[in-house]
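*Asks:* Can you read through this structure? Questions will come right after.
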Amino acid sequence: MSADPDAECFPTYPSRKRGSPDFIYGPLLLLVSVAFGCGASAGGWMLVLTWPAISCFGVSAAYFADRVSYFGKRSDGSRHWIPLLILGPYLVIADIVSRAQAILSRESAMDIVNGALIVGRRPFANETLEGVSIICDLTSELSDPRSIRRTPGYRCLPILDAGSPFPERLVQIVKELTPTPGTRLL
């Protein structure tokens with residue numbers, strides 16, 4: 001037995017494994033970046049493809065390095081302006097796809113695990129979250145509406161798509177969430 005009880009509950013392991021579905025994101029986005037770059041090299045109005053090329057390259061770098069920090073998302077859910085500027089085209093497409101998926105999907109927006117935990121997608125600003133005292137945002141690419149981020153129980157633990165948080169940070173968030181009464185939305 002370890003002296004640290006959290007060490008057994010949350011073992012340390014790399015979040016990206018060769019052959020896993022999420023391992024493809026880095027190479028795929030690098031190829032998209034190269035394609036946009038080739039298009040931009042034609043010059044003229046095709047130079048507009050330079051920004052998406054840089055954007056996809058930045059996201060690819062985040063996946064290759066397994067660094068969620070490249071997205072610039074802060075603990076309050078807001079985003080630093082430099083990554084927002086660099087990754088802008090990718091973030092806009094990710095937001096559009098997320099919204100379209102939520103609107104067109106037959107899946108429930110939220111699923112109740114038990115009386116204290118709800119797992120769901122990113123809530124829209126017009127959705128009421130009655131009885132929810134804590135919202136834990138796990139996305140790195142998407143930002144919750146300001147009205148959601150300003151709720152007193154909002155927490156942000158961004159992770160890459162199909163990834164997992166660093167065990168130390170996960171333990172910290174779980175400890176923050178546990179003593180609080182009410183329902184939690186992850």
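Residues in the structure tokens are numbered from 1 in each chain, the chains being A, B, ... in the order shown, and ligands are numbered from 1 in the order shown.
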Identify all residues of chain A in strand (DSSP E) (DSSP on the backbone) and supply them as a PyMOL selection string.
*Replies:* chain A and resi 110-114+117-120+132-139+154-159+183-185
*Asks:* Please give the complete set of residues from chain A that DSSP, run on the backbone, assigns to helix (DSSP H, G or I), formatted as an mmCIF file with N, CA, C and O atoms, in the first residue's frame.
*Replies:*
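As a result, out_12.cif now contains:
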```cif
data_model
loop_
_atom_site.group_PDB
_atom_site.id
_atom_site.type_symbol
_atom_site.label_atom_id
_atom_site.label_comp_id
_atom_site.auth_asym_id
_atom_site.auth_seq_id
_atom_site.Cartn_x
_atom_site.Cartn_y
_atom_site.Cartn_z
ATOM 1 N N PRO A 5 -3.038 7.798 -0.333
ATOM 2 C CA PRO A 5 -4.212 7.053 -0.781
ATOM 3 C C PRO A 5 -4.674 7.449 -2.183
ATOM 4 O O PRO A 5 -5.251 6.647 -2.899
ATOM 5 N N ASP A 6 -4.402 8.690 -2.584
ATOM 6 C CA ASP A 6 -4.800 9.138 -3.913
ATOM 7 C C ASP A 6 -3.976 8.477 -5.012
ATOM 8 O O ASP A 6 -4.416 8.361 -6.146
ATOM 9 N N ALA A 7 -2.768 8.037 -4.682
ATOM 10 C CA ALA A 7 -1.894 7.430 -5.686
ATOM 11 C C ALA A 7 -2.494 6.140 -6.224
ATOM 12 O O ALA A 7 -2.330 5.803 -7.388
ATOM 13 N N GLU A 8 -3.209 5.397 -5.377
ATOM 14 C CA GLU A 8 -3.818 4.157 -5.841
ATOM 15 C C GLU A 8 -5.115 4.409 -6.596
ATOM 16 O O GLU A 8 -5.461 3.665 -7.497
ATOM 17 N N CYS A 9 -5.845 5.447 -6.209
ATOM 18 C CA CYS A 9 -7.103 5.756 -6.885
ATOM 19 C C CYS A 9 -6.874 6.360 -8.259
ATOM 20 O O CYS A 9 -7.649 6.130 -9.175
ATOM 21 N N PRO A 21 -7.815 5.970 -30.370
ATOM 22 C CA PRO A 21 -8.484 6.863 -31.326
ATOM 23 C C PRO A 21 -8.007 8.309 -31.227
ATOM 24 O O PRO A 21 -7.908 8.993 -32.245
ATOM 25 N N ASP A 22 -7.685 8.784 -30.028
ATOM 26 C CA ASP A 22 -7.278 10.171 -29.877
ATOM 27 C C ASP A 22 -5.859 10.416 -30.373
ATOM 28 O O ASP A 22 -5.471 11.553 -30.591
ATOM 29 N N PHE A 23 -5.072 9.377 -30.565
ATOM 30 C CA PHE A 23 -3.693 9.551 -31.023
ATOM 31 C C PHE A 23 -3.651 10.074 -32.454
ATOM 32 O O PHE A 23 -2.654 10.633 -32.878
ATOM 33 N N ILE A 24 -4.726 9.940 -33.195
ATOM 34 C CA ILE A 24 -4.772 10.347 -34.594
ATOM 35 C C ILE A 24 -4.955 11.859 -34.755
ATOM 36 O O ILE A 24 -4.641 12.408 -35.808
ATOM 37 N N TYR A 25 -5.449 12.558 -33.736
ATOM 38 C CA TYR A 25 -5.747 13.983 -33.868
ATOM 39 C C TYR A 25 -4.530 14.815 -34.264
ATOM 40 O O TYR A 25 -4.627 15.682 -35.125
ATOM 41 N N GLY A 26 -3.392 14.579 -33.646
ATOM 42 C CA GLY A 26 -2.184 15.347 -33.977
ATOM 43 C C GLY A 26 -1.782 15.191 -35.432
ATOM 44 O O GLY A 26 -1.659 16.186 -36.168
ATOM 45 N N PRO A 27 -1.566 13.940 -35.902
ATOM 46 C CA PRO A 27 -1.189 13.762 -37.315
ATOM 47 C C PRO A 27 -2.254 14.261 -38.290
ATOM 48 O O PRO A 27 -1.924 14.862 -39.313
ATOM 49 N N LEU A 28 -3.520 14.020 -37.971
ATOM 50 C CA LEU A 28 -4.593 14.449 -38.872
ATOM 51 C C LEU A 28 -4.618 15.972 -39.010
ATOM 52 O O LEU A 28 -4.702 16.501 -40.121
ATOM 53 N N LEU A 29 -4.519 16.665 -37.902
ATOM 54 C CA LEU A 29 -4.530 18.134 -37.960
ATOM 55 C C LEU A 29 -3.265 18.683 -38.608
ATOM 56 O O LEU A 29 -3.296 19.748 -39.234
ATOM 57 N N LEU A 30 -2.169 17.971 -38.477
ATOM 58 C CA LEU A 30 -0.947 18.380 -39.173
ATOM 59 C C LEU A 30 -1.147 18.270 -40.685
ATOM 60 O O LEU A 30 -0.766 19.180 -41.435
ATOM 61 N N LEU A 31 -1.789 17.204 -41.134
ATOM 62 C CA LEU A 31 -2.079 17.058 -42.570
ATOM 63 C C LEU A 31 -3.018 18.153 -43.059
ATOM 64 O O LEU A 31 -2.836 18.708 -44.147
ATOM 65 N N VAL A 32 -4.030 18.472 -42.273
ATOM 66 C CA VAL A 32 -4.958 19.555 -42.635
ATOM 67 C C VAL A 32 -4.195 20.872 -42.721
ATOM 68 O O VAL A 32 -4.399 21.670 -43.643
ATOM 69 N N SER A 33 -3.289 21.094 -41.773
ATOM 70 C CA SER A 33 -2.474 22.315 -41.772
ATOM 71 C C SER A 33 -1.625 22.407 -43.031
ATOM 72 O O SER A 33 -1.541 23.464 -43.672
ATOM 73 N N VAL A 34 -1.011 21.300 -43.403
ATOM 74 C CA VAL A 34 -0.188 21.276 -44.620
ATOM 75 C C VAL A 34 -1.055 21.536 -45.852
ATOM 76 O O VAL A 34 -0.654 22.279 -46.763
ATOM 77 N N ALA A 35 -2.246 20.957 -45.888
ATOM 78 C CA ALA A 35 -3.151 21.175 -47.033
ATOM 79 C C ALA A 35 -3.520 22.653 -47.145
ATOM 80 O O ALA A 35 -3.487 23.229 -48.241
ATOM 81 N N PHE A 36 -3.881 23.266 -46.019
ATOM 82 C CA PHE A 36 -4.186 24.700 -46.045
ATOM 83 C C PHE A 36 -2.954 25.505 -46.459
ATOM 84 O O PHE A 36 -3.052 26.468 -47.223
ATOM 85 N N GLY A 37 -1.791 25.119 -45.961
ATOM 86 C CA GLY A 37 -0.552 25.811 -46.314
ATOM 87 C C GLY A 37 -0.247 25.720 -47.800
ATOM 88 O O GLY A 37 0.182 26.695 -48.423
ATOM 89 N N CYS A 38 -0.474 24.546 -48.378
ATOM 90 C CA CYS A 38 -0.270 24.370 -49.828
ATOM 91 C C CYS A 38 -1.228 25.267 -50.611
ATOM 92 O O CYS A 38 -0.837 25.883 -51.604
ATOM 93 N N GLY A 39 -2.469 25.324 -50.133
ATOM 94 C CA GLY A 39 -3.438 26.203 -50.794
ATOM 95 C C GLY A 39 -3.020 27.654 -50.695
ATOM 96 O O GLY A 39 -3.103 28.410 -51.666
ATOM 97 N N ALA A 40 -2.529 28.058 -49.517
ATOM 98 C CA ALA A 40 -2.107 29.445 -49.314
ATOM 99 C C ALA A 40 -0.899 29.799 -50.169
ATOM 100 O O ALA A 40 -0.730 30.954 -50.581
ATOM 101 N N GLY A 44 -2.403 35.155 -53.979
ATOM 102 C CA GLY A 44 -3.668 35.822 -54.276
ATOM 103 C C GLY A 44 -4.655 35.679 -53.136
ATOM 104 O O GLY A 44 -4.281 35.743 -51.967
ATOM 105 N N TRP A 45 -5.915 35.462 -53.487
ATOM 106 C CA TRP A 45 -6.941 35.357 -52.452
ATOM 107 C C TRP A 45 -6.795 34.079 -51.628
ATOM 108 O O TRP A 45 -7.362 33.957 -50.548
ATOM 109 N N MET A 46 -6.003 33.110 -52.119
ATOM 110 C CA MET A 46 -5.772 31.870 -51.382
ATOM 111 C C MET A 46 -4.920 32.091 -50.124
ATOM 112 O O MET A 46 -4.855 31.229 -49.254
ATOM 113 N N LEU A 47 -4.296 33.268 -50.035
ATOM 114 C CA LEU A 47 -3.516 33.581 -48.832
ATOM 115 C C LEU A 47 -4.385 33.579 -47.567
ATOM 116 O O LEU A 47 -3.873 33.454 -46.460
ATOM 117 N N VAL A 48 -5.705 33.690 -47.749
ATOM 118 C CA VAL A 48 -6.619 33.654 -46.616
ATOM 119 C C VAL A 48 -6.519 32.310 -45.882
ATOM 120 O O VAL A 48 -6.869 32.211 -44.700
ATOM 121 N N LEU A 49 -6.007 31.278 -46.551
ATOM 122 C CA LEU A 49 -5.849 29.957 -45.939
ATOM 123 C C LEU A 49 -4.659 29.882 -44.979
ATOM 124 O O LEU A 49 -4.493 28.876 -44.284
ATOM 125 N N THR A 50 -3.865 30.936 -44.919
ATOM 126 C CA THR A 50 -2.711 30.942 -44.021
ATOM 127 C C THR A 50 -3.149 30.844 -42.563
ATOM 128 O O THR A 50 -2.566 30.090 -41.778
ATOM 129 N N TRP A 51 -4.173 31.606 -42.185
ATOM 130 C CA TRP A 51 -4.637 31.594 -40.793
ATOM 131 C C TRP A 51 -5.156 30.216 -40.390
ATOM 132 O O TRP A 51 -4.751 29.677 -39.348
ATOM 133 N N PRO A 52 -6.040 29.561 -41.182
ATOM 134 C CA PRO A 52 -6.447 28.204 -40.805
ATOM 135 C C PRO A 52 -5.270 27.217 -40.760
ATOM 136 O O PRO A 52 -5.260 26.300 -39.944
ATOM 137 N N ALA A 53 -4.271 27.415 -41.625
ATOM 138 C CA ALA A 53 -3.096 26.540 -41.609
ATOM 139 C C ALA A 53 -2.352 26.677 -40.287
ATOM 140 O O ALA A 53 -1.982 25.681 -39.652
ATOM 141 N N ILE A 54 -2.151 27.911 -39.850
ATOM 142 C CA ILE A 54 -1.465 28.164 -38.580
ATOM 143 C C ILE A 54 -2.303 27.631 -37.422
ATOM 144 O O ILE A 54 -1.783 27.025 -36.481
ATOM 145 N N SER A 55 -3.604 27.846 -37.497
ATOM 146 C CA SER A 55 -4.518 27.384 -36.459
ATOM 147 C C SER A 55 -4.461 25.866 -36.301
ATOM 148 O O SER A 55 -4.307 25.345 -35.187
ATOM 149 N N CYS A 56 -4.583 25.141 -37.394
ATOM 150 C CA CYS A 56 -4.539 23.676 -37.335
ATOM 151 C C CYS A 56 -3.174 23.170 -36.893
ATOM 152 O O CYS A 56 -3.073 22.173 -36.176
ATOM 153 N N PHE A 57 -2.121 23.878 -37.288
ATOM 154 C CA PHE A 57 -0.787 23.501 -36.843
ATOM 155 C C PHE A 57 -0.672 23.660 -35.326
ATOM 156 O O PHE A 57 -0.095 22.802 -34.647
ATOM 157 N N GLY A 58 -1.228 24.742 -34.783
ATOM 158 C CA GLY A 58 -1.184 24.964 -33.332
ATOM 159 C C GLY A 58 -1.932 23.889 -32.561
ATOM 160 O O GLY A 58 -1.469 23.397 -31.528
ATOM 161 N N VAL A 59 -3.098 23.488 -33.065
ATOM 162 C CA VAL A 59 -3.874 22.437 -32.409
ATOM 163 C C VAL A 59 -3.137 21.102 -32.535
ATOM 164 O O VAL A 59 -3.078 20.323 -31.580
ATOM 165 N N SER A 60 -2.552 20.856 -33.703
ATOM 166 C CA SER A 60 -1.760 19.639 -33.895
ATOM 167 C C SER A 60 -0.613 19.588 -32.887
ATOM 168 O O SER A 60 -0.357 18.548 -32.273
ATOM 169 N N ALA A 61 0.053 20.714 -32.698
ATOM 170 C CA ALA A 61 1.155 20.777 -31.728
ATOM 171 C C ALA A 61 0.661 20.467 -30.317
ATOM 172 O O ALA A 61 1.333 19.772 -29.551
ATOM 173 N N ALA A 62 -0.534 20.954 -29.977
ATOM 174 C CA ALA A 62 -1.104 20.670 -28.650
ATOM 175 C C ALA A 62 -1.314 19.170 -28.464
ATOM 176 O O ALA A 62 -1.025 18.623 -27.394
ATOM 177 N N TYR A 63 -1.794 18.496 -29.496
ATOM 178 C CA TYR A 63 -2.022 17.052 -29.395
ATOM 179 C C TYR A 63 -0.720 16.273 -29.393
ATOM 180 O O TYR A 63 -0.575 15.308 -28.642
ATOM 181 N N PHE A 64 0.245 16.670 -30.233
ATOM 182 C CA PHE A 64 1.532 15.970 -30.235
ATOM 183 C C PHE A 64 2.241 16.127 -28.887
ATOM 184 O O PHE A 64 2.838 15.188 -28.381
ATOM 185 N N ALA A 65 2.185 17.320 -28.315
ATOM 186 C CA ALA A 65 2.859 17.587 -27.045
ATOM 187 C C ALA A 65 2.005 17.178 -25.843
ATOM 188 O O ALA A 65 2.492 17.204 -24.720
ATOM 189 N N VAL A 68 -2.667 20.699 -23.025
ATOM 190 C CA VAL A 68 -3.927 21.424 -23.082
ATOM 191 C C VAL A 68 -3.699 22.930 -22.917
ATOM 192 O O VAL A 68 -4.491 23.745 -23.383
ATOM 193 N N SER A 69 -2.589 23.298 -22.317
ATOM 194 C CA SER A 69 -2.289 24.714 -22.083
ATOM 195 C C SER A 69 -2.145 25.499 -23.383
ATOM 196 O O SER A 69 -2.313 26.720 -23.392
ATOM 197 N N TYR A 70 -1.866 24.833 -24.503
ATOM 198 C CA TYR A 70 -1.740 25.524 -25.786
ATOM 199 C C TYR A 70 -3.050 26.201 -26.187
ATOM 200 O O TYR A 70 -3.049 27.117 -26.983
ATOM 201 N N PHE A 71 -4.185 25.732 -25.642
ATOM 202 C CA PHE A 71 -5.479 26.338 -25.948
ATOM 203 C C PHE A 71 -5.722 27.614 -25.147
ATOM 204 O O PHE A 71 -6.653 28.355 -25.431
ATOM 205 N N TRP A 81 -6.049 35.894 -24.923
ATOM 206 C CA TRP A 81 -6.280 36.410 -26.266
ATOM 207 C C TRP A 81 -5.291 35.895 -27.306
ATOM 208 O O TRP A 81 -5.634 35.780 -28.489
ATOM 209 N N ILE A 82 -4.064 35.551 -26.920
ATOM 210 C CA ILE A 82 -3.079 35.098 -27.918
ATOM 211 C C ILE A 82 -3.468 33.736 -28.503
ATOM 212 O O ILE A 82 -3.555 33.598 -29.727
ATOM 213 N N PRO A 83 -3.741 32.702 -27.677
ATOM 214 C CA PRO A 83 -4.206 31.440 -28.285
ATOM 215 C C PRO A 83 -5.543 31.599 -29.012
ATOM 216 O O PRO A 83 -5.774 30.938 -30.024
ATOM 217 N N LEU A 84 -6.391 32.483 -28.511
ATOM 218 C CA LEU A 84 -7.668 32.738 -29.180
ATOM 219 C C LEU A 84 -7.426 33.269 -30.587
ATOM 220 O O LEU A 84 -8.066 32.837 -31.550
ATOM 221 N N LEU A 85 -6.482 34.171 -30.725
ATOM 222 C CA LEU A 85 -6.148 34.733 -32.032
ATOM 223 C C LEU A 85 -5.520 33.674 -32.944
ATOM 224 O O LEU A 85 -5.927 33.500 -34.095
ATOM 225 N N ILE A 86 -4.562 32.931 -32.423
ATOM 226 C CA ILE A 86 -3.855 31.933 -33.239
ATOM 227 C C ILE A 86 -4.776 30.786 -33.637
ATOM 228 O O ILE A 86 -4.783 30.354 -34.789
ATOM 229 N N LEU A 87 -5.558 30.286 -32.691
ATOM 230 C CA LEU A 87 -6.398 29.107 -32.937
ATOM 231 C C LEU A 87 -7.814 29.453 -33.400
ATOM 232 O O LEU A 87 -8.650 28.570 -33.544
ATOM 233 N N GLY A 88 -8.071 30.724 -33.643
ATOM 234 C CA GLY A 88 -9.405 31.208 -33.983
ATOM 235 C C GLY A 88 -10.181 30.381 -34.992
ATOM 236 O O GLY A 88 -11.307 29.953 -34.707
ATOM 237 N N PRO A 89 -9.650 30.111 -36.175
ATOM 238 C CA PRO A 89 -10.426 29.334 -37.156
ATOM 239 C C PRO A 89 -10.816 27.938 -36.641
ATOM 240 O O PRO A 89 -11.944 27.505 -36.809
ATOM 241 N N TYR A 90 -9.903 27.261 -35.988
ATOM 242 C CA TYR A 90 -10.216 25.933 -35.449
ATOM 243 C C TYR A 90 -11.286 26.036 -34.367
ATOM 244 O O TYR A 90 -12.217 25.226 -34.326
ATOM 245 N N LEU A 91 -11.169 27.026 -33.482
ATOM 246 C CA LEU A 91 -12.133 27.179 -32.390
ATOM 247 C C LEU A 91 -13.529 27.502 -32.913
ATOM 248 O O LEU A 91 -14.527 27.017 -32.369
ATOM 249 N N VAL A 92 -13.605 28.303 -33.964
ATOM 250 C CA VAL A 92 -14.907 28.635 -34.553
ATOM 251 C C VAL A 92 -15.545 27.379 -35.142
ATOM 252 O O VAL A 92 -16.733 27.100 -34.910
ATOM 253 N N ILE A 93 -14.776 26.593 -35.883
ATOM 254 C CA ILE A 93 -15.304 25.359 -36.468
ATOM 255 C C ILE A 93 -15.713 24.381 -35.363
ATOM 256 O O ILE A 93 -16.777 23.751 -35.435
ATOM 257 N N ALA A 94 -14.900 24.253 -34.317
ATOM 258 C CA ALA A 94 -15.234 23.356 -33.206
ATOM 259 C C ALA A 94 -16.541 23.787 -32.539
ATOM 260 O O ALA A 94 -17.381 22.945 -32.189
ATOM 261 N N ASP A 95 -16.747 25.090 -32.391
ATOM 262 C CA ASP A 95 -17.974 25.595 -31.784
ATOM 263 C C ASP A 95 -19.186 25.315 -32.676
ATOM 264 O O ASP A 95 -20.234 24.875 -32.198
ATOM 265 N N ILE A 96 -19.044 25.543 -33.969
ATOM 266 C CA ILE A 96 -20.140 25.292 -34.913
ATOM 267 C C ILE A 96 -20.507 23.810 -34.916
ATOM 268 O O ILE A 96 -21.683 23.447 -34.843
ATOM 269 N N VAL A 97 -19.501 22.945 -34.969
ATOM 270 C CA VAL A 97 -19.754 21.499 -34.977
ATOM 271 C C VAL A 97 -20.415 21.069 -33.672
ATOM 272 O O VAL A 97 -21.369 20.285 -33.671
ATOM 273 N N SER A 98 -19.962 21.597 -32.549
ATOM 274 C CA SER A 98 -20.536 21.249 -31.251
ATOM 275 C C SER A 98 -22.000 21.670 -31.161
ATOM 276 O O SER A 98 -22.857 20.904 -30.697
ATOM 277 N N ARG A 99 -22.295 22.879 -31.615
ATOM 278 C CA ARG A 99 -23.682 23.360 -31.584
ATOM 279 C C ARG A 99 -24.578 22.551 -32.516
ATOM 280 O O ARG A 99 -25.696 22.182 -32.155
ATOM 281 N N ALA A 100 -24.081 22.265 -33.718
ATOM 282 C CA ALA A 100 -24.864 21.481 -34.671
ATOM 283 C C ALA A 100 -25.123 20.080 -34.125
ATOM 284 O O ALA A 100 -26.244 19.563 -34.223
ATOM 285 N N GLN A 101 -24.117 19.503 -33.533
ATOM 286 C CA GLN A 101 -24.274 18.168 -32.957
ATOM 287 C C GLN A 101 -25.306 18.179 -31.836
ATOM 288 O O GLN A 101 -26.140 17.289 -31.734
ATOM 289 N N ALA A 102 -25.275 19.205 -30.988
ATOM 290 C CA ALA A 102 -26.237 19.296 -29.888
ATOM 291 C C ALA A 102 -27.657 19.493 -30.397
ATOM 292 O O ALA A 102 -28.608 18.905 -29.877
ATOM 293 N N ILE A 103 -27.811 20.298 -31.438
ATOM 294 C CA ILE A 103 -29.144 20.578 -31.986
ATOM 295 C C ILE A 103 -29.697 19.375 -32.747
ATOM 296 O O ILE A 103 -30.869 19.037 -32.619
ATOM 297 N N LEU A 104 -28.845 18.711 -33.525
ATOM 298 C CA LEU A 104 -29.300 17.616 -34.371
ATOM 299 C C LEU A 104 -29.319 16.255 -33.674
ATOM 300 O O LEU A 104 -29.940 15.319 -34.170
ATOM 301 N N ARG A 146 -20.622 33.150 -20.942
ATOM 302 C CA ARG A 146 -20.219 33.939 -19.786
ATOM 303 C C ARG A 146 -21.197 33.750 -18.618
ATOM 304 O O ARG A 146 -20.790 33.662 -17.463
ATOM 305 N N SER A 147 -22.500 33.639 -18.916
ATOM 306 C CA SER A 147 -23.492 33.469 -17.849
ATOM 307 C C SER A 147 -23.265 32.168 -17.085
ATOM 308 O O SER A 147 -23.486 32.108 -15.882
ATOM 309 N N ILE A 148 -22.803 31.139 -17.752
ATOM 310 C CA ILE A 148 -22.499 29.862 -17.101
ATOM 311 C C ILE A 148 -21.194 29.979 -16.319
ATOM 312 O O ILE A 148 -21.091 29.530 -15.177
ATOM 313 N N ARG A 149 -20.170 30.593 -16.941
ATOM 314 C CA ARG A 149 -18.860 30.711 -16.291
ATOM 315 C C ARG A 149 -18.907 31.563 -15.029
ATOM 316 O O ARG A 149 -18.055 31.408 -14.159
ATOM 317 N N PRO A 167 -3.579 13.355 -13.249
ATOM 318 C CA PRO A 167 -4.126 12.812 -12.005
ATOM 319 C C PRO A 167 -4.086 13.788 -10.833
ATOM 320 O O PRO A 167 -5.044 13.864 -10.065
ATOM 321 N N GLU A 168 -3.016 14.559 -10.709
ATOM 322 C CA GLU A 168 -2.906 15.496 -9.590
ATOM 323 C C GLU A 168 -4.009 16.550 -9.646
ATOM 324 O O GLU A 168 -4.610 16.905 -8.634
ATOM 325 N N ARG A 169 -4.281 17.049 -10.844
ATOM 326 C CA ARG A 169 -5.327 18.069 -11.015
ATOM 327 C C ARG A 169 -6.713 17.468 -10.790
ATOM 328 O O ARG A 169 -7.586 18.103 -10.206
ATOM 329 N N LEU A 170 -6.916 16.243 -11.244
ATOM 330 C CA LEU A 170 -8.196 15.571 -11.044
ATOM 331 C C LEU A 170 -8.467 15.374 -9.551
ATOM 332 O O LEU A 170 -9.570 15.617 -9.075
ATOM 333 N N VAL A 171 -7.457 14.946 -8.816
ATOM 334 C CA VAL A 171 -7.612 14.767 -7.369
ATOM 335 C C VAL A 171 -7.985 16.089 -6.719
ATOM 336 O O VAL A 171 -8.884 16.155 -5.872
ATOM 337 N N GLN A 172 -7.318 17.171 -7.135
ATOM 338 C CA GLN A 172 -7.606 18.501 -6.583
ATOM 339 C C GLN A 172 -9.057 18.900 -6.842
ATOM 340 O O GLN A 172 -9.756 19.357 -5.937
ATOM 341 N N ILE A 173 -9.537 18.722 -8.078
ATOM 342 C CA ILE A 173 -10.917 19.083 -8.415
ATOM 343 C C ILE A 173 -11.910 18.226 -7.644
ATOM 344 O O ILE A 173 -12.903 18.722 -7.126
ATOM 345 N N VAL A 174 -11.657 16.910 -7.559
ATOM 346 C CA VAL A 174 -12.568 16.024 -6.825
ATOM 347 C C VAL A 174 -12.651 16.452 -5.367
ATOM 348 O O VAL A 174 -13.731 16.481 -4.778
ATOM 349 N N LYS A 175 -11.529 16.822 -4.781
ATOM 350 C CA LYS A 175 -11.538 17.280 -3.385
ATOM 351 C C LYS A 175 -12.322 18.576 -3.240
ATOM 352 O O LYS A 175 -13.001 18.788 -2.241
ATOM 353 N N GLU A 176 -12.244 19.459 -4.239
ATOM 354 C CA GLU A 176 -13.012 20.706 -4.202
ATOM 355 C C GLU A 176 -14.512 20.435 -4.331
ATOM 356 O O GLU A 176 -15.324 21.104 -3.719
ATOM 357 N N LEU A 177 -14.873 19.450 -5.140
ATOM 358 C CA LEU A 177 -16.281 19.181 -5.420
ATOM 359 C C LEU A 177 -16.949 18.368 -4.318
ATOM 360 O O LEU A 177 -18.135 18.523 -4.075
#
```
*Asks:* Do you have the CA of Ile159 in chain A-CA of Thr139 in chain A distance handy?
*Replies:*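 Value for the CA of Ile159 in chain A-CA of Thr139 in chain A distance: 5.7 Å.
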*Asks:* Choose the residue, out of A:Gly43, A:Pro152, A:Gly115, A:Pro123, that has the smallest atom-to-atom separation from Asp76 in chain A; count only C-alpha atoms.
*Replies:* A:Pro152
*Asks:* Could you work out how far CA of Glu141 in chain A lies from CA of Arg67 in chain A, giving the answer in Å with one decimal?
*Replies:*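 We find that CA of Arg67 in chain A and CA of Glu141 in chain A lie 12.3 Å from each other.
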*Asks:* Which is closest to Asp137 in chain A among A:Gly77, A:Phe166, A:Val119, A:Asp111, if we use only C-alpha atoms?
*Replies:*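 For Asp137 in chain A, the nearest of the given residues is A:Gly77.
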*Asks:* Nearest residue to Ser133 in chain A out of A:Pro145, A:Tyr154, A:Ser105, A:Val113, using only C-alpha atoms?
*Replies:*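 Looking only at the distances to Ser133 in chain A, the closest residue turns out to be A:Tyr154.
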